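Next up, query00.txt (compact mmCIF, C-alpha atoms):
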```txt
# COMPACT_ATOMS: atom_id res chain seq x y z
CA MET A 166 -152.58 -26.04 95.17
CA THR A 167 -154.17 -25.13 91.85
CA THR A 168 -153.47 -21.73 90.33
CA ARG A 169 -156.57 -20.06 88.88
CA VAL A 170 -155.84 -18.09 85.70
CA ILE A 171 -157.78 -15.87 83.33
CA ILE A 172 -156.55 -14.80 79.88
CA VAL A 173 -157.30 -11.33 78.51
CA ASP A 174 -156.35 -10.87 74.85
CA ASP A 175 -158.17 -9.53 71.81
CA GLN A 176 -156.91 -12.35 69.56
CA ALA A 177 -159.10 -15.44 69.85
CA MET A 178 -156.37 -17.78 68.61
CA VAL A 179 -153.92 -16.48 71.20
CA ARG A 180 -156.45 -17.00 73.99
CA ALA A 181 -157.26 -20.49 72.78
CA GLY A 182 -153.61 -21.47 72.45
CA PHE A 183 -152.62 -20.18 75.87
CA ALA A 184 -155.71 -21.69 77.48
CA ALA A 185 -155.03 -25.14 76.00
CA LEU A 186 -151.39 -25.03 77.06
CA LEU A 187 -152.07 -23.93 80.61
CA ALA A 188 -155.13 -26.13 81.15
CA ALA A 189 -153.00 -29.17 80.33
CA GLN A 190 -150.99 -28.52 83.51
CA SER A 191 -152.23 -30.33 86.59
CA ASP A 192 -151.58 -27.34 88.85
CA ILE A 193 -153.19 -24.65 86.64
CA ASP A 194 -156.90 -24.06 86.05
CA VAL A 195 -158.02 -21.61 83.35
CA VAL A 196 -161.24 -20.15 84.75
CA GLY A 197 -162.09 -17.62 82.05
CA GLU A 198 -161.16 -15.61 78.95
CA ALA A 199 -161.93 -12.05 77.84
CA PRO A 200 -161.38 -10.22 74.52
CA ASP A 201 -160.65 -6.74 75.91
CA GLY A 202 -159.60 -4.93 79.06
CA ALA A 203 -163.07 -3.85 80.18
CA GLN A 204 -164.40 -7.39 80.05
CA GLY A 205 -161.17 -8.59 81.65
CA VAL A 206 -161.72 -6.35 84.67
CA GLU A 207 -165.28 -7.63 85.08
CA LEU A 208 -164.17 -11.24 84.63
CA SER A 209 -161.40 -10.83 87.21
CA ARG A 210 -163.79 -9.44 89.79
CA ARG A 211 -166.26 -12.23 89.13
CA THR A 212 -163.88 -15.22 89.03
CA ARG A 213 -161.22 -13.97 91.50
CA PRO A 214 -158.22 -15.61 89.77
CA ASP A 215 -154.73 -15.92 91.19
CA VAL A 216 -153.09 -14.73 87.95
CA VAL A 217 -154.31 -12.56 85.08
CA LEU A 218 -152.54 -12.91 81.74
CA MET A 219 -153.09 -9.47 80.26
CA ASP A 220 -152.32 -8.34 76.71
CA VAL A 221 -150.86 -4.83 76.61
CA ARG A 222 -152.55 -3.58 73.44
CA MET A 223 -156.31 -4.12 73.06
CA PRO A 224 -159.35 -2.18 71.80
CA GLU A 225 -162.02 -0.72 74.10
CA MET A 226 -159.67 -0.71 77.11
CA ASP A 227 -155.95 -1.48 76.89
CA GLY A 228 -154.10 -3.77 79.26
CA LEU A 229 -152.56 -0.89 81.20
CA GLU A 230 -155.86 0.64 82.25
CA ALA A 231 -157.31 -2.81 82.93
CA ALA A 232 -154.33 -3.67 85.14
CA ARG A 233 -154.78 -0.43 87.07
CA ARG A 234 -158.44 -1.19 87.72
CA ILE A 235 -157.78 -4.80 88.70
CA LEU A 236 -154.90 -3.97 91.03
CA ALA A 237 -156.53 -0.93 92.61
CA PRO A 238 -160.32 -1.30 92.42
CA PRO A 239 -162.09 2.05 92.88
CA PRO A 240 -164.08 2.55 96.09
CA GLY A 241 -167.56 1.21 95.63
CA GLY A 242 -166.69 -0.62 92.41
CA GLY A 243 -167.87 -4.19 92.13
CA ASP A 244 -168.91 -6.47 94.95
CA ALA A 245 -165.50 -6.74 96.58
CA ALA A 246 -164.24 -4.10 98.98
CA PRO A 247 -161.27 -2.10 97.70
CA GLY A 248 -158.09 -4.12 98.06
CA GLU A 249 -159.93 -7.24 99.20
CA HIS A 250 -158.80 -9.41 96.32
CA ARG A 251 -156.01 -8.44 93.95
CA PRO A 252 -154.61 -11.10 91.64
CA ARG A 253 -151.14 -11.05 90.18
CA VAL A 254 -151.06 -9.50 86.71
CA LEU A 255 -148.63 -10.79 84.08
CA MET A 256 -148.49 -8.51 81.04
CA LEU A 257 -148.19 -10.04 77.57
CA THR A 258 -146.41 -7.96 74.95
CA THR A 259 -145.19 -8.35 71.38
CA PHE A 260 -142.21 -6.06 71.94
CA ASP A 261 -139.47 -6.53 74.52
CA VAL A 262 -139.38 -2.80 75.28
CA ASP A 263 -142.85 -1.30 75.33
CA ASP A 264 -143.75 1.96 77.06
CA TYR A 265 -146.97 0.37 78.29
CA VAL A 266 -144.92 -2.13 80.28
CA TYR A 267 -143.16 0.63 82.22
CA GLU A 268 -146.47 2.01 83.38
CA ALA A 269 -147.86 -1.46 84.07
CA LEU A 270 -144.98 -2.16 86.46
CA ARG A 271 -145.66 1.11 88.24
CA ALA A 272 -149.34 0.17 88.49
CA GLY A 273 -148.42 -3.06 90.23
CA ALA A 274 -148.07 -5.67 87.50
CA SER A 275 -145.80 -8.51 88.56
CA GLY A 276 -143.86 -8.65 85.31
CA PHE A 277 -144.19 -9.23 81.61
CA LEU A 278 -143.70 -11.94 79.05
CA LEU A 279 -143.14 -11.82 75.31
CA LYS A 280 -145.97 -13.41 73.34
CA ASP A 281 -143.53 -15.44 71.28
CA ALA A 282 -141.82 -16.95 74.34
CA PRO A 283 -141.50 -20.75 74.35
CA PRO A 284 -144.47 -22.62 75.88
CA ALA A 285 -142.35 -23.74 78.82
CA ASP A 286 -141.58 -20.09 79.63
CA LEU A 287 -145.29 -19.23 79.76
CA ILE A 288 -146.02 -22.08 82.14
CA ALA A 289 -143.04 -21.17 84.33
CA ALA A 290 -144.04 -17.49 84.30
CA VAL A 291 -147.52 -18.25 85.62
CA ARG A 292 -146.07 -20.38 88.40
CA VAL A 293 -143.46 -17.77 89.35
CA VAL A 294 -146.00 -14.96 89.52
CA ALA A 295 -148.54 -17.12 91.37
CA SER A 296 -145.93 -17.91 94.01
CA GLY A 297 -145.74 -14.21 94.84
CA ASP A 298 -142.49 -13.41 93.08
CA ALA A 299 -141.98 -11.03 90.18
CA LEU A 300 -141.10 -12.16 86.71
CA LEU A 301 -137.93 -10.23 85.96
CA ALA A 302 -135.96 -11.85 83.16
CA PRO A 303 -132.55 -10.20 83.69
CA SER A 304 -131.50 -9.82 80.03
CA VAL A 305 -134.68 -7.99 79.02
CA THR A 306 -135.70 -6.37 82.27
CA ARG A 307 -132.39 -4.67 83.03
CA ARG A 308 -132.57 -2.93 79.67
CA LEU A 309 -136.25 -2.14 80.07
CA ILE A 310 -135.78 -0.58 83.51
CA ALA A 311 -132.67 1.31 82.37
CA ASP A 312 -134.63 2.78 79.45
CA PHE A 313 -137.46 3.60 81.85
CA ALA A 314 -135.07 5.46 84.16
CA ARG A 315 -133.47 7.42 81.33
CA GLN A 316 -136.87 8.56 80.09
CA ARG A 317 -138.00 9.57 83.57
CA PRO A 318 -135.28 11.27 85.67
CA ALA A 319 -134.93 10.04 89.25
CA GLY A 320 -137.24 11.63 91.77
CA ARG A 321 -135.85 14.23 94.12
CA GLY A 322 -138.58 14.26 96.70
CA ARG A 323 -140.94 11.74 98.11
CA PRO A 324 -139.36 8.55 96.64
CA ALA A 325 -135.89 9.55 97.88
CA LEU A 326 -137.23 10.47 101.33
CA ARG A 327 -138.88 7.06 101.67
CA LEU A 328 -135.45 5.43 101.44
CA LYS A 329 -134.69 6.81 104.91
CA ALA A 330 -137.06 4.22 106.36
CA LEU A 331 -134.63 1.45 105.40
CA THR A 332 -131.67 0.21 107.40
CA GLU A 333 -128.23 0.18 105.80
CA ARG A 334 -128.50 -3.55 105.12
CA GLU A 335 -131.98 -3.23 103.63
CA THR A 336 -130.70 -0.49 101.34
CA GLU A 337 -127.89 -2.79 100.17
CA VAL A 338 -130.39 -5.55 99.46
CA LEU A 339 -132.70 -3.21 97.52
CA THR A 340 -129.76 -2.01 95.44
CA LEU A 341 -128.88 -5.58 94.46
CA VAL A 342 -132.53 -6.44 93.73
CA ALA A 343 -132.65 -3.43 91.39
CA ARG A 344 -129.59 -4.73 89.57
CA GLY A 345 -131.42 -7.95 88.78
CA ARG A 346 -129.74 -10.20 91.36
CA SER A 347 -131.55 -13.27 92.66
CA ASN A 348 -131.82 -13.99 96.39
CA ALA A 349 -129.07 -16.58 96.08
CA GLU A 350 -126.76 -14.08 94.35
CA ILE A 351 -127.51 -11.42 96.95
CA ALA A 352 -126.77 -13.90 99.73
CA GLN A 353 -123.42 -14.72 98.15
CA THR A 354 -122.52 -11.06 97.64
CA LEU A 355 -123.40 -9.98 101.17
CA VAL A 356 -122.31 -13.24 102.83
CA LEU A 357 -125.74 -13.92 104.27
CA ALA A 358 -128.05 -16.92 104.47
CA GLU A 359 -130.58 -16.94 101.64
CA GLN A 360 -133.45 -17.02 104.14
CA THR A 361 -132.02 -13.86 105.73
CA VAL A 362 -132.05 -12.17 102.32
CA LYS A 363 -135.69 -13.18 101.84
CA THR A 364 -136.50 -11.59 105.20
CA HIS A 365 -134.73 -8.36 104.22
CA VAL A 366 -136.56 -8.24 100.88
CA SER A 367 -139.88 -8.75 102.65
CA ARG A 368 -139.12 -5.91 105.08
CA VAL A 369 -138.11 -3.60 102.23
CA LEU A 370 -141.41 -4.26 100.43
CA THR A 371 -143.39 -3.70 103.63
CA LYS A 372 -141.61 -0.48 104.63
CA LEU A 373 -141.87 1.04 101.16
CA ASP A 374 -145.41 -0.27 100.61
CA LEU A 375 -144.40 -2.08 97.43
CA ARG A 376 -146.23 -5.05 95.93
CA ASP A 377 -143.26 -7.14 94.80
CA ARG A 378 -139.74 -7.10 93.35
CA ALA A 379 -140.92 -5.53 90.10
CA GLN A 380 -142.13 -2.44 91.93
CA ALA A 381 -139.00 -2.48 94.09
CA VAL A 382 -136.82 -2.24 90.98
CA VAL A 383 -138.84 0.68 89.60
CA PHE A 384 -138.73 2.42 92.98
CA ALA A 385 -134.96 2.02 93.24
CA TYR A 386 -134.48 3.81 89.92
CA GLU A 387 -137.10 6.49 90.54
CA SER A 388 -135.65 7.33 93.93
CA GLY A 389 -132.13 7.66 92.52
CA LEU A 390 -130.76 4.77 94.60
CA VAL A 391 -129.61 3.07 91.39
CA ALA A 392 -128.71 4.77 88.13
CA PRO A 393 -128.70 3.27 84.62
CA GLY A 394 -125.35 1.80 83.64
CA GLU A 395 -124.06 1.30 87.17
```
What would the structure in this file look like if it were written as structure tokens?
Amino acid sequence: MTTRVIIVDDQAMVRAGFAALLAAQSDIDVVGEAPDGAQGVELSRRTRPDVVLMDVRMPEMDGLEAARRILAPPPGGGDAAPGEHRPRVLMLTTFDVDDYVYEALRAGASGFLLKDAPPADLIAAVRVVASGDALLAPSVTRRLIADFARQRPAGRGRPALRLKALTERETEVLTLVARGRSNAEIAQTLVLAEQTVKTHVSRVLTKLDLRDRAQAVVFAYESGLVAPGE
């Protein structure tokens, strides 16, 4: 299957470079480009891409607000019914720890990628996000989420109460997901089949009404299930 992608960035050379790189892949089709968040939202609703590459910092409307609007269209906005089509959003940032990224993950973005990442990483990132997984590079993301948690103390209310919906095994799986473990690593740790782990992860996301692993990690920290430095 071909993955439909749009690129939203205020730098024309960045858009052109990313578009040329991605369009050269047989399984990726670049269906549009936009120079700011507002136009990116309109383009996304018009072209219905699978993945949106979204720059964090842009004039007119930044990537955070654009991601919010794309991932949670307001009632009555656009032709599509609310929630009918929501692409995966991959945030592009110049800095490995950027406060905008924290909020983007909470809004439902599926991960982030540094703009100076090698070309192969960009291609792989689009494929990972398109497949429905979250792009969580352990070395950067563990630090990012830890910083996020330190800046925002764990919730002592609704997020913690929602944990009660999980079984003991599902709670164990969520804890390991939050620590950056892959399904294979979780399977090895808990002595389970990898397919069983995938099933548990899917149930966790469904019960907690989370979009993907990125939101699951944020939730685990906000609820107090996992603390920085553990």
request  = Name the residues in contact with range 292-296 of chain A at a cut-off of 12 Å, using all atoms listed in the file, excluding same-chain residues fewer than 2 positions from it; report them as a ChimeraX atom specification.
outcome  = /A:166-170,187,190-194,214-218,251-256,274-278,285-290,298-302,376-379
Using the selection just defined, write its residues with C-alpha atoms as a PDB file, keeping the file's coordinate frame.
```
ATOM      1  CA  MET A 166    -152.580 -26.040  95.170  1.00  0.00           C
ATOM      2  CA  THR A 167    -154.170 -25.130  91.850  1.00  0.00           C
ATOM      3  CA  THR A 168    -153.470 -21.730  90.330  1.00  0.00           C
ATOM      4  CA  ARG A 169    -156.570 -20.060  88.880  1.00  0.00           C
ATOM      5  CA  VAL A 170    -155.840 -18.090  85.700  1.00  0.00           C
ATOM      6  CA  LEU A 187    -152.070 -23.930  80.610  1.00  0.00           C
ATOM      7  CA  GLN A 190    -150.990 -28.520  83.510  1.00  0.00           C
ATOM      8  CA  SER A 191    -152.230 -30.330  86.590  1.00  0.00           C
ATOM      9  CA  ASP A 192    -151.580 -27.340  88.850  1.00  0.00           C
ATOM     10  CA  ILE A 193    -153.190 -24.650  86.640  1.00  0.00           C
ATOM     11  CA  ASP A 194    -156.900 -24.060  86.050  1.00  0.00           C
ATOM     12  CA  PRO A 214    -158.220 -15.610  89.770  1.00  0.00           C
ATOM     13  CA  ASP A 215    -154.730 -15.920  91.190  1.00  0.00           C
ATOM     14  CA  VAL A 216    -153.090 -14.730  87.950  1.00  0.00           C
ATOM     15  CA  VAL A 217    -154.310 -12.560  85.080  1.00  0.00           C
ATOM     16  CA  LEU A 218    -152.540 -12.910  81.740  1.00  0.00           C
ATOM     17  CA  ARG A 251    -156.010  -8.440  93.950  1.00  0.00           C
ATOM     18  CA  PRO A 252    -154.610 -11.100  91.640  1.00  0.00           C
ATOM     19  CA  ARG A 253    -151.140 -11.050  90.180  1.00  0.00           C
ATOM     20  CA  VAL A 254    -151.060  -9.500  86.710  1.00  0.00           C
ATOM     21  CA  LEU A 255    -148.630 -10.790  84.080  1.00  0.00           C
ATOM     22  CA  MET A 256    -148.490  -8.510  81.040  1.00  0.00           C
ATOM     23  CA  ALA A 274    -148.070  -5.670  87.500  1.00  0.00           C
ATOM     24  CA  SER A 275    -145.800  -8.510  88.560  1.00  0.00           C
ATOM     25  CA  GLY A 276    -143.860  -8.650  85.310  1.00  0.00           C
ATOM     26  CA  PHE A 277    -144.190  -9.230  81.610  1.00  0.00           C
ATOM     27  CA  LEU A 278    -143.700 -11.940  79.050  1.00  0.00           C
ATOM     28  CA  ALA A 285    -142.350 -23.740  78.820  1.00  0.00           C
ATOM     29  CA  ASP A 286    -141.580 -20.090  79.630  1.00  0.00           C
ATOM     30  CA  LEU A 287    -145.290 -19.230  79.760  1.00  0.00           C
ATOM     31  CA  ILE A 288    -146.020 -22.080  82.140  1.00  0.00           C
ATOM     32  CA  ALA A 289    -143.040 -21.170  84.330  1.00  0.00           C
ATOM     33  CA  ALA A 290    -144.040 -17.490  84.300  1.00  0.00           C
ATOM     34  CA  ASP A 298    -142.490 -13.410  93.080  1.00  0.00           C
ATOM     35  CA  ALA A 299    -141.980 -11.030  90.180  1.00  0.00           C
ATOM     36  CA  LEU A 300    -141.100 -12.160  86.710  1.00  0.00           C
ATOM     37  CA  LEU A 301    -137.930 -10.230  85.960  1.00  0.00           C
ATOM     38  CA  ALA A 302    -135.960 -11.850  83.160  1.00  0.00           C
ATOM     39  CA  ARG A 376    -146.230  -5.050  95.930  1.00  0.00           C
ATOM     40  CA  ASP A 377    -143.260  -7.140  94.800  1.00  0.00           C
ATOM     41  CA  ARG A 378    -139.740  -7.100  93.350  1.00  0.00           C
ATOM     42  CA  ALA A 379    -140.920  -5.530  90.100  1.00  0.00           C
TER      43      ALA A 379
END
```
Exercise: Phe384 in chain A partners within 10 Å, all atoms listed in the file, chain neighbours under 4 positions left out, as number ranges by chain = A: 271, 319-320, 324-325, 327-328, 339, 343, 373, 375, 378-380, 388-391
inquiry  = From the options A:Glu350, A:Asp175, A:Glu337, A:Glu198, which residue's atoms come nearest to Gly228 in chain A, counting all atoms listed in the file?
reply    =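 Looking at the shortest contact to Gly228 in chain A, the residue is A:Asp175.
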task = Enter the distance from CA of Leu208 in chain A to CA of Ala231 in chain A, in Å, rounded to one decimal.
result = 11.0 Å
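Among the candidate residues A:Val173, A:Gly202, A:Leu341, A:Ala184, the one lying nearest to His365 in chain A is A:Leu341, with distances computed using only C-alpha atoms.
Comparing the minimum interatomic distances between Leu270 in chain A and each of A:Arg211, A:Lys363, A:Arg368, A:Arg233, counting only C-alpha atoms, we find that A:Arg233 sits nearest.
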inquiry  = Between CA of Met178 in chain A and CA of Glu230 in chain A, what distance in Å does the model show, to one decimal?
reply    = 22.9 Å
note = Using all atoms listed in the file, the residue out of A:Ala381, A:Ala352, A:Ala177, A:Ala203 with shortest distance to Glu225 in chain A is A:Ala203
Separation of CA of Asp201 in chain A from CA of Met226 in chain A, in Å and rounded to one decimal =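 A separation of 6.2 Å between them.
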request  = Go through A:Lys329, A:Val382, A:Lys372, A:Asp281 one by one, measure the shortest atom-to-atom distance of each to Arg346 in chain A using only C-alpha atoms, and give the residue with the smallest value.
outcome  =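 Of the candidates, the smallest distance to Arg346 in chain A is held by A:Val382.
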Residue contacts of Val338 in chain A (8 Å, only C-alpha atoms) excluding same-chain residues fewer than 2 positions away, as a list in words = Arg334, Glu335, Thr336, Thr340, Leu341, Val342, Ile351, Val362, His365 and Val366 of chain A
Take range 202-213 of chain A, bring it up to all heavy atoms, and give me the output as a JSON list (two decimals), in the frame of the given file.
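The resulting file, part-v9.json, is shown below:
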```
[["chain", "number", "residue", "atom", "x", "y", "z"],
["A", 202, "GLY", "N", -159.89, -5.28, 77.68],
["A", 202, "GLY", "CA", -159.60, -4.93, 79.06],
["A", 202, "GLY", "C", -160.83, -4.75, 79.93],
["A", 202, "GLY", "O", -160.85, -5.19, 81.09],
["A", 203, "ALA", "N", -161.86, -4.10, 79.38],
["A", 203, "ALA", "CA", -163.07, -3.85, 80.18],
["A", 203, "ALA", "C", -163.71, -5.16, 80.64],
["A", 203, "ALA", "O", -164.07, -5.32, 81.80],
["A", 203, "ALA", "CB", -164.06, -3.03, 79.37],
["A", 204, "GLN", "N", -163.84, -6.10, 79.69],
["A", 204, "GLN", "CA", -164.40, -7.39, 80.05],
["A", 204, "GLN", "C", -163.45, -8.17, 80.96],
["A", 204, "GLN", "O", -163.88, -8.96, 81.80],
["A", 204, "GLN", "CB", -164.72, -8.20, 78.79],
["A", 204, "GLN", "CG", -165.85, -7.60, 77.97],
["A", 204, "GLN", "CD", -166.24, -8.47, 76.79],
["A", 204, "GLN", "OE1", -166.52, -9.66, 76.94],
["A", 204, "GLN", "NE2", -166.25, -7.89, 75.59],
["A", 205, "GLY", "N", -162.15, -7.94, 80.79],
["A", 205, "GLY", "CA", -161.17, -8.59, 81.65],
["A", 205, "GLY", "C", -161.31, -8.16, 83.10],
["A", 205, "GLY", "O", -161.19, -8.98, 84.02],
["A", 206, "VAL", "N", -161.53, -6.86, 83.32],
["A", 206, "VAL", "CA", -161.72, -6.35, 84.67],
["A", 206, "VAL", "C", -162.95, -6.99, 85.31],
["A", 206, "VAL", "O", -162.91, -7.46, 86.45],
["A", 206, "VAL", "CB", -161.89, -4.81, 84.65],
["A", 206, "VAL", "CG1", -162.27, -4.30, 86.04],
["A", 206, "VAL", "CG2", -160.59, -4.16, 84.19],
["A", 207, "GLU", "N", -164.04, -7.04, 84.56],
["A", 207, "GLU", "CA", -165.28, -7.63, 85.08],
["A", 207, "GLU", "C", -165.09, -9.12, 85.37],
["A", 207, "GLU", "O", -165.54, -9.63, 86.41],
["A", 207, "GLU", "CB", -166.41, -7.43, 84.05],
["A", 207, "GLU", "CG", -167.80, -7.73, 84.57],
["A", 207, "GLU", "CD", -168.13, -9.22, 84.56],
["A", 207, "GLU", "OE1", -167.60, -9.93, 83.69],
["A", 207, "GLU", "OE2", -168.90, -9.66, 85.43],
["A", 208, "LEU", "N", -164.41, -9.81, 84.46],
["A", 208, "LEU", "CA", -164.17, -11.24, 84.63],
["A", 208, "LEU", "C", -163.30, -11.50, 85.85],
["A", 208, "LEU", "O", -163.54, -12.44, 86.62],
["A", 208, "LEU", "CB", -163.49, -11.80, 83.38],
["A", 208, "LEU", "CG", -163.12, -13.29, 83.40],
["A", 208, "LEU", "CD1", -164.39, -14.15, 83.50],
["A", 208, "LEU", "CD2", -162.32, -13.66, 82.15],
["A", 209, "SER", "N", -162.28, -10.66, 86.05],
["A", 209, "SER", "CA", -161.40, -10.83, 87.21],
["A", 209, "SER", "C", -162.16, -10.66, 88.51],
["A", 209, "SER", "O", -161.99, -11.45, 89.45],
["A", 209, "SER", "CB", -160.25, -9.81, 87.13],
["A", 209, "SER", "OG", -159.43, -9.90, 88.27],
["A", 210, "ARG", "N", -163.03, -9.67, 88.56],
["A", 210, "ARG", "CA", -163.79, -9.44, 89.79],
["A", 210, "ARG", "C", -164.80, -10.55, 90.05],
["A", 210, "ARG", "O", -165.12, -10.85, 91.20],
["A", 210, "ARG", "CB", -164.48, -8.08, 89.71],
["A", 210, "ARG", "CG", -163.49, -6.92, 89.78],
["A", 210, "ARG", "CD", -164.12, -5.57, 89.59],
["A", 210, "ARG", "NE", -163.11, -4.52, 89.70],
["A", 210, "ARG", "CZ", -163.32, -3.25, 89.40],
["A", 210, "ARG", "NH1", -164.51, -2.86, 88.96],
["A", 210, "ARG", "NH2", -162.34, -2.36, 89.53],
["A", 211, "ARG", "N", -165.27, -11.16, 88.98],
["A", 211, "ARG", "CA", -166.26, -12.23, 89.13],
["A", 211, "ARG", "C", -165.62, -13.57, 89.49],
["A", 211, "ARG", "O", -166.15, -14.32, 90.31],
["A", 211, "ARG", "CB", -167.07, -12.37, 87.84],
["A", 211, "ARG", "CG", -168.25, -13.33, 87.98],
["A", 211, "ARG", "CD", -169.13, -13.35, 86.75],
["A", 211, "ARG", "NE", -168.50, -14.04, 85.62],
["A", 211, "ARG", "CZ", -168.09, -13.45, 84.51],
["A", 211, "ARG", "NH1", -168.22, -12.15, 84.35],
["A", 211, "ARG", "NH2", -167.54, -14.15, 83.54],
["A", 212, "THR", "N", -164.49, -13.89, 88.85],
["A", 212, "THR", "CA", -163.88, -15.22, 89.03],
["A", 212, "THR", "C", -162.79, -15.25, 90.09],
["A", 212, "THR", "O", -162.40, -16.31, 90.55],
["A", 212, "THR", "CB", -163.30, -15.73, 87.70],
["A", 212, "THR", "OG1", -162.28, -14.82, 87.25],
["A", 212, "THR", "CG2", -164.38, -15.82, 86.63],
["A", 213, "ARG", "N", -162.26, -14.06, 90.46],
["A", 213, "ARG", "CA", -161.22, -13.97, 91.50],
["A", 213, "ARG", "C", -160.04, -14.92, 91.23],
["A", 213, "ARG", "O", -159.75, -15.81, 92.03],
["A", 213, "ARG", "CB", -161.84, -14.25, 92.87],
["A", 213, "ARG", "CG", -162.96, -13.31, 93.22],
["A", 213, "ARG", "CD", -163.69, -13.72, 94.48],
["A", 213, "ARG", "NE", -162.85, -13.65, 95.67],
["A", 213, "ARG", "CZ", -162.66, -12.55, 96.38],
["A", 213, "ARG", "NH1", -163.24, -11.43, 96.00],
["A", 213, "ARG", "NH2", -161.90, -12.56, 97.43]]
```
